[in-house]
file model24.txt (compact mmCIF, C-alpha atoms)
# COMPACT_ATOMS: atom_id res chain seq x y z
CA MET A 1 11.56 25.93 -20.17
CA ASN A 2 14.03 25.50 -17.39
CA ILE A 3 11.49 24.06 -14.97
CA CYS A 4 11.89 20.61 -16.32
CA ILE A 5 15.66 20.62 -16.00
CA MET A 6 15.54 22.05 -12.53
CA MET A 7 13.15 19.39 -11.33
CA MET A 8 14.88 16.50 -12.98
CA ARG A 9 18.26 17.31 -11.50
CA SER A 10 16.81 17.95 -8.07
CA GLY A 11 15.60 14.40 -7.88
CA ALA A 12 11.95 14.37 -8.85
CA ASN A 13 10.46 11.32 -10.52
CA THR A 14 9.52 11.50 -14.17
CA LYS A 15 5.78 11.56 -13.66
CA ARG A 16 6.00 14.51 -11.32
CA VAL A 17 8.10 16.43 -13.83
CA ILE A 18 5.61 15.83 -16.62
CA ASP A 19 2.63 16.74 -14.46
CA ASN A 20 4.27 19.99 -13.47
CA ILE A 21 5.21 21.01 -16.99
CA ASN A 22 1.68 20.33 -18.14
CA ARG A 23 0.31 22.54 -15.43
CA PHE A 24 2.61 25.43 -16.27
CA ALA A 25 1.89 25.01 -19.97
CA LYS A 26 -1.83 25.11 -19.32
CA VAL A 27 -1.50 28.40 -17.50
CA LEU A 28 0.32 29.96 -20.44
CA ASP A 29 -2.16 28.58 -22.98
CA PHE A 30 0.23 26.01 -24.38
CA GLU A 31 0.01 22.33 -24.96
CA SER A 32 3.17 20.49 -24.01
CA HIS A 33 4.61 17.14 -24.93
CA ALA A 34 7.94 16.07 -23.57
CA LEU A 35 10.34 13.22 -23.97
CA ILE A 36 12.46 13.07 -20.87
CA SER A 37 15.60 11.04 -20.60
CA HIS A 38 18.42 11.01 -18.11
CA LYS A 39 20.73 13.44 -19.88
CA SER A 40 18.44 15.53 -22.04
CA ILE A 41 14.89 16.65 -22.57
CA ILE A 42 13.02 17.08 -25.84
CA MET A 43 9.95 19.18 -25.53
CA THR A 44 7.37 20.49 -27.97
CA LEU A 45 5.10 23.36 -27.06
CA LYS A 46 2.01 24.15 -29.06
CA ASP A 47 0.47 27.57 -28.80
CA LEU A 48 -3.25 26.96 -28.55
CA LYS A 49 -4.17 30.32 -30.05
CA THR A 50 -1.86 30.61 -33.04
CA LYS A 51 -1.41 26.85 -33.54
CA GLU A 52 2.33 27.34 -33.81
CA THR A 53 4.68 24.75 -32.38
CA TYR A 54 8.11 25.13 -30.87
CA THR A 55 10.51 22.34 -30.16
CA VAL A 56 13.39 22.58 -27.74
CA VAL A 57 16.11 20.10 -26.90
CA ASN A 58 17.99 20.72 -23.70
CA GLN A 59 20.75 19.07 -21.76
CA ILE A 60 20.42 18.22 -18.10
CA PRO A 61 23.54 19.09 -16.11
CA GLY A 62 24.72 16.96 -13.20
CA TYR A 63 22.32 15.82 -10.54
CA THR A 64 22.16 17.33 -7.07
CA ILE A 65 19.29 16.32 -4.87
CA ASP A 66 17.33 19.26 -3.54
CA PHE A 67 13.88 18.54 -2.19
CA THR A 68 13.15 22.17 -1.49
CA ILE A 69 13.18 22.90 -5.21
CA VAL A 70 10.97 19.91 -6.00
CA SER A 71 8.48 20.85 -3.36
CA ASP A 72 8.45 24.57 -4.19
CA ILE A 73 8.00 24.09 -7.93
CA SER A 74 5.23 21.61 -7.31
CA ARG A 75 3.50 24.10 -5.13
CA ALA A 76 4.05 26.99 -7.53
CA SER A 77 2.57 25.00 -10.39
CA TRP A 78 -0.71 24.51 -8.55
CA LYS A 79 -0.85 28.13 -7.50
CA ALA A 80 -0.15 29.24 -11.05
CA LEU A 81 -2.96 27.07 -12.31
CA ASP A 82 -5.44 28.33 -9.74
CA ASN A 83 -4.55 32.03 -9.98
CA ASN A 84 -3.67 32.19 -13.68
CA TRP A 85 -0.17 33.56 -13.33
CA SER A 86 1.48 35.47 -16.16
CA TYR A 87 4.75 34.43 -17.74
CA GLU A 88 6.72 37.07 -15.83
CA LYS A 89 5.27 36.02 -12.54
CA ILE A 90 6.18 32.39 -13.09
CA ASN A 91 9.67 33.39 -14.11
CA ASN A 92 10.12 35.56 -11.04
CA ARG A 93 8.93 32.80 -8.77
CA LEU A 94 11.32 30.32 -10.39
CA ASN A 95 14.25 32.65 -9.88
CA GLU A 96 13.21 33.08 -6.29
CA ILE A 97 13.16 29.33 -5.81
CA LYS A 98 16.52 28.95 -7.53
CA ASN A 99 18.20 31.49 -5.29
CA LYS A 100 16.70 30.23 -2.08
CA LYS A 101 19.18 29.79 0.71
CA LYS A 102 20.52 26.29 1.32
CA TYR A 103 21.52 24.88 4.67
CA PRO A 104 25.01 26.05 5.70
CA LEU A 105 27.74 23.49 5.23
CA TRP A 106 28.51 22.94 8.89
CA ILE A 107 24.89 22.06 9.66
CA ILE A 108 24.89 19.50 6.85
CA LEU A 109 28.18 18.02 8.05
CA LEU A 110 27.03 17.88 11.65
CA THR A 111 23.61 16.35 11.04
CA VAL A 112 24.80 13.80 8.51
CA SER A 113 27.59 12.72 10.84
CA LEU A 114 25.02 12.40 13.60
CA ALA A 115 22.95 10.33 11.20
CA GLY A 116 25.96 8.07 10.72
CA ALA A 117 26.28 7.68 14.47
CA GLY A 118 22.57 6.90 14.59
CA PHE A 119 23.11 4.16 12.02
CA ALA A 120 25.89 2.67 14.12
CA ASN A 121 23.50 2.56 17.05
CA ILE A 122 20.73 0.92 14.99
CA PHE A 123 23.06 -1.88 13.98
CA GLY A 124 24.00 -2.48 17.58
CA GLY A 125 27.16 -0.47 18.11
CA ASP A 126 28.09 1.15 21.41
CA LEU A 127 29.08 4.75 22.08
CA LEU A 128 32.65 4.32 20.90
CA ASN A 129 31.53 2.76 17.61
CA MET A 130 29.17 5.65 17.17
CA GLY A 131 32.05 8.06 17.72
CA VAL A 132 34.19 6.34 15.10
CA THR A 133 31.34 6.41 12.60
CA PHE A 134 30.70 10.06 13.38
CA ILE A 135 34.27 11.02 12.55
CA ALA A 136 34.45 8.74 9.50
CA THR A 137 31.25 10.22 8.09
CA LEU A 138 32.44 13.73 8.84
CA VAL A 139 35.69 13.22 6.96
CA GLY A 140 34.06 11.27 4.12
CA LEU A 141 31.32 13.81 3.59
CA SER A 142 33.74 16.72 3.63
CA VAL A 143 35.75 15.01 0.91
CA SER A 144 32.59 14.25 -1.04
CA LYS A 145 31.42 17.86 -0.82
CA PHE A 146 34.85 19.13 -1.81
CA LEU A 147 34.99 16.87 -4.88
CA HIS A 148 31.44 17.85 -5.77
CA HIS A 149 32.59 21.45 -5.69
CA LYS A 150 35.43 20.54 -8.07
CA ALA A 151 32.83 18.94 -10.41
CA PHE A 152 34.23 15.41 -10.31
CA ASN A 153 32.52 12.51 -11.99
CA PRO A 154 29.94 11.32 -9.40
CA TYR A 155 31.03 7.69 -9.55
CA ILE A 156 34.67 8.52 -8.94
CA ARG A 157 33.65 10.94 -6.22
CA THR A 158 31.66 8.23 -4.47
CA TYR A 159 34.54 5.80 -4.77
CA ILE A 160 37.07 8.22 -3.30
CA SER A 161 34.74 9.24 -0.47
CA SER A 162 34.03 5.61 0.27
CA VAL A 163 37.75 4.80 0.42
CA ILE A 164 38.44 7.70 2.75
CA ALA A 165 35.46 7.13 5.05
CA SER A 166 36.23 3.43 5.37
CA PHE A 167 39.90 4.20 5.94
CA VAL A 168 39.00 6.33 8.96
CA ALA A 169 36.67 3.61 10.24
CA THR A 170 39.36 1.00 9.70
CA LEU A 171 41.57 2.80 12.18
CA GLY A 172 38.85 1.85 14.66
CA ILE A 173 39.35 -1.82 13.81
CA ILE A 174 43.15 -1.61 13.97
CA PHE A 175 43.13 0.01 17.40
CA ASN A 176 40.11 -2.07 18.43
CA ILE A 177 37.89 0.77 19.56
CA GLY A 178 34.49 -0.15 20.98
CA SER A 179 32.70 -3.47 21.26
CA ASP A 180 32.38 -4.30 17.56
CA PRO A 181 34.49 -2.02 15.35
CA HIS A 182 33.16 -3.77 12.23
CA ILE A 183 29.85 -2.03 12.77
CA ALA A 184 31.62 1.31 12.50
CA LEU A 185 33.20 0.26 9.21
CA ALA A 186 29.90 -0.99 7.81
CA THR A 187 28.01 2.16 8.73
CA SER A 188 30.70 4.69 7.86
CA VAL A 189 29.90 4.53 4.14
CA LEU A 190 26.12 4.47 4.46
CA PHE A 191 25.80 8.21 3.92
CA LEU A 192 26.86 7.61 0.30
CA VAL A 193 24.02 5.19 -0.45
CA PRO A 194 22.00 6.55 -3.37
CA GLY A 195 18.57 6.17 -1.78
CA VAL A 196 16.81 8.78 -3.89
CA PRO A 197 17.79 7.47 -7.35
CA LEU A 198 16.88 3.93 -6.32
CA ILE A 199 13.48 4.82 -4.92
CA ASN A 200 12.78 7.14 -7.85
CA SER A 201 13.72 4.35 -10.21
CA PHE A 202 11.00 2.11 -8.79
CA ASN A 203 8.60 5.02 -8.90
CA ASP A 204 9.34 5.55 -12.58
CA LEU A 205 9.12 1.86 -13.35
CA TYR A 206 5.57 1.43 -12.20
CA ASN A 207 4.46 4.68 -13.73
CA ASN A 208 5.52 3.07 -17.00
CA HIS A 209 8.52 5.31 -17.54
CA ILE A 210 10.44 2.08 -17.90
CA LEU A 211 13.50 3.49 -19.63
CA ASN A 212 14.03 6.24 -17.09
CA GLY A 213 13.46 3.78 -14.29
CA ILE A 214 16.11 1.46 -15.67
CA VAL A 215 18.55 4.31 -16.19
CA ARG A 216 18.10 5.49 -12.64
CA PHE A 217 18.41 1.99 -11.30
CA VAL A 218 21.63 1.37 -13.20
CA SER A 219 23.18 4.65 -12.15
CA GLY A 220 22.21 3.96 -8.54
CA PHE A 221 23.62 0.48 -8.87
CA ILE A 222 26.96 1.79 -10.18
CA LEU A 223 27.11 4.11 -7.18
CA VAL A 224 26.54 1.15 -4.86
CA LEU A 225 29.29 -0.74 -6.68
CA ALA A 226 31.60 2.25 -6.25
CA ILE A 227 30.92 2.22 -2.50
CA GLY A 228 31.56 -1.52 -2.37
CA LEU A 229 34.77 -1.18 -4.36
CA GLY A 230 35.98 1.50 -1.97
CA LEU A 231 35.31 -0.81 0.95
CA ILE A 232 37.07 -3.72 -0.76
CA THR A 233 40.10 -1.58 -1.54
CA ILE A 234 40.52 -0.66 2.09
CA MET A 235 39.88 -4.23 3.24
CA LEU A 236 42.56 -5.50 0.88
CA ILE A 237 45.10 -2.93 1.98
CA PHE A 238 44.57 -3.58 5.68
CA ASN A 239 43.74 -7.24 5.29
CA ILE A 240 40.48 -7.25 7.22
CA ASN A 241 38.70 -10.53 6.92
CA ALA A 242 36.78 -11.24 10.09
CA LEU A 243 33.37 -12.63 9.24
CA ASN A 244 30.80 -12.55 11.97
CA MET B 1 12.13 -6.66 30.33
CA GLU B 2 12.27 -2.89 30.74
CA ASN B 3 15.72 -2.90 29.25
CA ILE B 4 14.36 -4.09 25.91
CA TYR B 5 11.87 -1.26 25.72
CA ILE B 6 14.52 1.31 26.52
CA SER B 7 16.88 -0.08 23.89
CA ILE B 8 14.04 -0.04 21.34
CA LEU B 9 13.34 3.58 22.20
CA ILE B 10 16.98 4.59 21.89
CA LYS B 11 17.36 2.77 18.58
CA SER B 12 14.22 4.40 17.21
CA LEU B 13 15.49 7.77 18.31
CA SER B 14 18.72 7.24 16.44
CA ALA B 15 16.66 6.19 13.42
CA GLY B 16 14.90 9.54 13.68
CA ILE B 17 18.20 11.38 13.87
CA ALA B 18 19.53 9.44 10.90
CA ALA B 19 16.40 10.35 8.94
CA LEU B 20 16.88 13.99 9.83
CA GLY B 21 20.52 13.93 8.75
CA PHE B 22 19.60 12.58 5.35
CA GLY B 23 16.79 15.08 5.07
CA ILE B 24 19.29 17.88 5.57
CA LEU B 25 21.62 16.29 3.03
CA PHE B 26 18.76 16.38 0.49
CA ASN B 27 17.99 19.98 1.45
CA ILE B 28 14.40 19.47 2.61
CA PRO B 29 12.31 22.56 3.35
CA ARG B 30 12.75 23.90 6.87
CA LYS B 31 9.10 23.34 7.70
CA VAL B 32 9.27 19.58 7.52
CA ILE B 33 12.38 19.01 9.65
CA PHE B 34 10.38 17.90 12.66
CA THR B 35 8.01 15.86 10.54
CA VAL B 36 10.97 13.90 9.19
CA LEU B 37 12.44 13.41 12.64
CA PHE B 38 9.08 12.21 13.94
CA LEU B 39 8.36 9.89 11.00
CA GLY B 40 11.82 8.38 11.15
CA PHE B 41 11.38 7.80 14.87
CA LEU B 42 7.98 6.16 14.41
CA ALA B 43 9.25 3.96 11.59
CA GLY B 44 12.11 2.81 13.79
CA LEU B 45 9.73 2.20 16.66
CA ILE B 46 7.49 -0.01 14.55
CA LYS B 47 10.37 -1.89 12.97
CA PHE B 48 12.06 -2.71 16.26
CA THR B 49 8.80 -3.58 17.98
CA PHE B 50 7.94 -6.06 15.26
CA LEU B 51 11.46 -7.45 15.40
CA ASN B 52 11.05 -7.85 19.13
CA LEU B 53 7.84 -9.81 18.53
CA SER B 54 10.07 -12.16 16.49
CA PHE B 55 8.83 -11.20 13.04
CA THR B 56 11.50 -11.49 10.36
CA ILE B 57 13.42 -8.34 9.50
CA ILE B 58 11.87 -8.24 6.02
CA THR B 59 8.30 -8.26 7.33
CA SER B 60 9.01 -5.70 10.01
CA THR B 61 10.72 -3.40 7.51
CA PHE B 62 7.77 -3.76 5.19
CA PHE B 63 5.28 -2.82 7.89
CA ALA B 64 7.35 0.13 9.02
CA SER B 65 7.68 1.56 5.53
CA LEU B 66 4.03 0.86 4.78
CA PHE B 67 3.20 2.84 7.88
CA VAL B 68 5.40 5.73 6.71
CA GLY B 69 3.67 5.62 3.32
CA ILE B 70 0.20 5.75 4.88
CA LEU B 71 0.98 8.40 7.46
CA SER B 72 2.70 10.60 4.87
CA ILE B 73 -0.59 11.24 3.12
CA PRO B 74 -2.44 13.15 5.86
CA LEU B 75 0.84 14.78 6.86
CA ALA B 76 1.42 15.98 3.30
CA ARG B 77 -1.98 17.58 3.37
CA ARG B 78 -1.23 19.31 6.62
CA VAL B 79 2.12 20.86 5.67
CA HIS B 80 1.30 21.37 1.97
CA LYS B 81 4.33 19.57 0.59
CA PRO B 82 4.76 16.71 -1.88
CA ILE B 83 4.86 13.36 -0.15
CA VAL B 84 8.34 12.33 -1.34
CA VAL B 85 9.92 15.25 0.48
CA PHE B 86 9.54 13.59 3.83
CA SER B 87 8.75 9.96 3.06
CA ILE B 88 12.12 9.26 1.43
CA PRO B 89 14.37 10.64 4.20
CA SER B 90 12.39 8.86 6.90
CA ILE B 91 12.75 5.40 5.36
CA ILE B 92 16.46 5.72 4.65
CA PRO B 93 17.50 4.56 8.15
CA MET B 94 16.01 1.18 7.28
CA ILE B 95 18.45 0.61 4.40
CA PRO B 96 20.12 -2.76 5.09
CA GLY B 97 23.66 -1.47 5.31
CA TYR B 98 25.02 -4.16 7.57
CA TYR B 99 23.78 -6.98 5.35
CA ALA B 100 25.27 -5.29 2.31
CA TYR B 101 28.54 -4.94 4.19
CA LYS B 102 28.59 -8.61 5.14
CA THR B 103 27.85 -9.56 1.52
CA ILE B 104 30.79 -7.53 0.30
CA LEU B 105 33.04 -8.92 3.01
CA ALA B 106 32.14 -12.46 1.97
CA ILE B 107 32.57 -11.71 -1.75
CA ARG B 108 35.96 -10.21 -1.07
CA LYS B 109 37.06 -13.26 0.87
CA PHE B 110 35.63 -15.57 -1.77
CA THR B 111 37.45 -13.96 -4.67
CA PHE B 112 40.70 -12.66 -3.22
CA LEU B 113 41.76 -15.33 -0.77
CA THR B 114 42.58 -18.93 -1.58
CA VAL B 115 40.60 -21.11 0.79
CA SER B 116 39.56 -24.72 0.97
CA ASP B 117 36.42 -26.18 -0.56
CA SER B 118 34.40 -26.34 2.62
CA GLU B 119 35.26 -22.74 3.37
CA HIS B 120 34.11 -21.82 -0.11
CA GLN B 121 30.76 -23.35 0.68
CA THR B 122 30.26 -21.37 3.86
CA LEU B 123 31.30 -18.21 2.01
CA LEU B 124 28.84 -18.92 -0.81
CA ASN B 125 26.18 -19.45 1.79
CA SER B 126 27.06 -16.14 3.39
CA ILE B 127 27.06 -14.26 0.07
CA PHE B 128 23.65 -15.56 -0.88
CA THR B 129 21.94 -15.21 2.48
CA ASN B 130 23.16 -11.68 3.08
CA GLY B 131 22.82 -10.63 -0.55
CA PHE B 132 19.21 -11.73 -0.83
CA MET B 133 18.47 -10.27 2.58
CA THR B 134 19.72 -6.90 1.30
CA LEU B 135 17.72 -7.18 -1.89
CA PHE B 136 14.46 -8.17 -0.24
CA ILE B 137 14.69 -5.55 2.47
CA LEU B 138 15.15 -2.96 -0.28
CA PHE B 139 12.08 -4.32 -2.07
CA ALA B 140 10.09 -4.22 1.15
CA ILE B 141 11.04 -0.58 1.67
CA THR B 142 10.18 0.64 -1.82
CA VAL B 143 6.96 -1.31 -2.15
CA GLY B 144 5.83 -0.42 1.35
CA VAL B 145 6.39 3.28 1.02
CA SER B 146 4.93 3.74 -2.43
CA ALA B 147 1.95 1.38 -2.28
CA PRO B 148 -0.40 3.77 -0.44
CA MET B 149 0.41 6.60 -2.85
CA LEU B 150 -0.23 4.40 -5.87
CA LEU B 151 -3.48 2.95 -4.61
CA LEU B 152 -4.97 6.36 -3.97
CA GLY B 153 -4.45 7.53 -7.54
CA LYS B 154 -4.53 10.94 -9.09
CA ASP B 155 -7.54 12.64 -7.55
CA MET B 156 -6.02 12.37 -4.13
CA ALA B 157 -2.78 13.83 -5.39
CA ARG B 158 -4.59 16.93 -6.59
CA LYS B 159 -6.08 17.48 -3.16
CA LEU B 160 -2.79 16.86 -1.44
CA ASN B 161 -0.91 19.45 -3.39
CA ASP B 162 -3.31 22.30 -2.74
call {"tool": "encode", "arguments": {"input": "model24.txt", "output": "structure tokens"}}
result
Amino acid sequence: MNICIMMMRSGANTKRVIDNINRFAKVLDFESHALISHKSIIMTLKDLKTKETYTVVNQIPGYTIDFTIVSDISRASWKALDNNWSYEKINNRLNEIKNKKKYPLWIILLTVSLAGAGFANIFGGDLLNMGVTFIATLVGLSVSKFLHHKAFNPYIRTYISSVIASFVATLGIIFNIGSDPHIALATSVLFLVPGVPLINSFNDLYNNHILNGIVRFVSGFILVLAIGLGLITIMLIFNINALN
Amino acid sequence: MENIYISILIKSLSAGIAALGFGILFNIPRKVIFTVLFLGFLAGLIKFTFLNLSFTIITSTFFASLFVGILSIPLARRVHKPIVVFSIPSIIPMIPGYYAYKTILAIRKFTFLTVSDSEHQTLLNSIFTNGFMTLFILFAITVGVSAPMLLLGKDMARKLND
């Protein structure tokens, strides 16, 4: 069943994935047991009528966070349980969810850059700092999206985006734009922070999916390191060392 | 005095916008866009108010994310969506980016530049203060936002997802 893979890569926590599979299995008169790890899923389905069992091992492709999918599948699973959907109906609904329209790229770019500017404001920057962060985020995110399109390794992608975003923000320090250009540099890479894996990792940990929780934590931590490395690279090149 | 309130309002508003931006990045359903904006704004409002009342940043972050966690539950029921869809984007503006940045700056100076002993000590101090600040704010966020969900258990979850 593809449901599991779809949910896992869209950024659902392990417990939610298992709950949802169980619900779908119940509708179709199956009993399901699954072992979910970061890269693959092993699942056994038992037909309650014929007592036959099927076991499937499946790979999980790269992760892209998509809360619409998580939310829609969750919803569909309850509806299926309540209205006793057939296999075809579930399949149709899943395809519908899969092909749902995403936000257009320019809206994503615009709002995330605005978010960056918002960050700059939260940390006490003035309008000019916000402007610098806006542009840095815009450039960084465009690069990140482009590399994602080219199917780069996520860690390398984060590193490159971090280098580029902080490079743009560093221009702000060199030309001394705004009251505290360091704020712009600090906030320019925040859009890369892996908030969802980190929060999901804690979620998994106290639902006793310890292994998955640790895996998510480590992968999130490597992403944070990649961001930090990107920052350090730029700082070394331009020799920025003001500490305030 | 009024100035403080206005600056709190503006900061909270930018928190809301930041939350919205991340929501869009995670492709949240269209229905919850305003919910995320609103929750992010409220979280910012609470955090900055507490900070203004001279609570520490860790405590104020904890209260703000706890509030998001609690408020998410009735909201989830109203819009028929899983809680994580809007609770995660709205707490992301509270991520301690500036502390993390200062930590990295200090580490970089500590390892790459040759400095005197006394300077090393101030740098160590800076690494540890800012590093632990970052860590504990992160803890405050995750615990605060997920505690209400955990305490309510499974029966509630069934009702919420209807």
call {"tool": "atom_distance", "arguments": {"input": "model24.txt", "atom1": "CA of Ile164 in chain A", "atom2": "CA of Thr137 in chain A"}}
result
9.3 Å
call {"tool": "interface_residues", "arguments": {"input": "model24.txt", "of": "chain B", "to": "chain A", "cutoff": "6 Å", "atoms": "only C-alpha atoms", "output": "list of chain:residue names"}}
result
B:Lys11, B:Ser14, B:Ile17, B:Ala18, B:Gly21, B:Ile24, B:Leu25, B:Phe26, B:Asn27, B:Ile28, B:Pro29, B:Lys81, B:Pro82, B:Val85, B:Tyr98, B:Tyr101
call {"tool": "residues_around", "arguments": {"input": "model24.txt", "residues": "Ile70 in chain B", "least_positions_apart": "6", "cutoff": "12 Å", "atoms": "all atoms listed in the file", "output": "PyMOL selection string"}}
result
chain B and resi 39+43+63-64+76+83+87+144-152
call {"tool": "write_last_selection", "arguments": {"input": "model24.txt", "atoms": "C-alpha atoms", "output": "PDB file, keeping the file's coordinate frame"}}
result
ATOM      1  CA  LEU B  39       8.360   9.890  11.000  1.00  0.00           C
ATOM      2  CA  ALA B  43       9.250   3.960  11.590  1.00  0.00           C
ATOM      3  CA  PHE B  63       5.280  -2.820   7.890  1.00  0.00           C
ATOM      4  CA  ALA B  64       7.350   0.130   9.020  1.00  0.00           C
ATOM      5  CA  ALA B  76       1.420  15.980   3.300  1.00  0.00           C
ATOM      6  CA  ILE B  83       4.860  13.360  -0.150  1.00  0.00           C
ATOM      7  CA  SER B  87       8.750   9.960   3.060  1.00  0.00           C
ATOM      8  CA  GLY B 144       5.830  -0.420   1.350  1.00  0.00           C
ATOM      9  CA  VAL B 145       6.390   3.280   1.020  1.00  0.00           C
ATOM     10  CA  SER B 146       4.930   3.740  -2.430  1.00  0.00           C
ATOM     11  CA  ALA B 147       1.950   1.380  -2.280  1.00  0.00           C
ATOM     12  CA  PRO B 148      -0.400   3.770  -0.440  1.00  0.00           C
ATOM     13  CA  MET B 149       0.410   6.600  -2.850  1.00  0.00           C
ATOM     14  CA  LEU B 150      -0.230   4.400  -5.870  1.00  0.00           C
ATOM     15  CA  LEU B 151      -3.480   2.950  -4.610  1.00  0.00           C
ATOM     16  CA  LEU B 152      -4.970   6.360  -3.970  1.00  0.00           C
TER      17      LEU B 152
END
call {"tool": "residues_near_point", "arguments": {"input": "model24.txt", "point": "(21.5, -11.4, -3.4)", "cutoff": "12 Å", "atoms": "all atoms listed in the file", "output": "list in words"}}
result
Tyr99, Ala100, Lys102, Thr103, Ile104, Ala106, Ile107, Leu124, Asn125, Ser126, Ile127, Phe128, Thr129, Asn130, Gly131, Phe132, Met133, Thr134, Leu135, Phe136, Ile137, Leu138 and Phe139 of chain B
call {"tool": "atom_distance", "arguments": {"input": "model24.txt", "atom1": "CA of Asn22 in chain A", "atom2": "CA of Leu75 in chain B"}}
result
25.6 Å
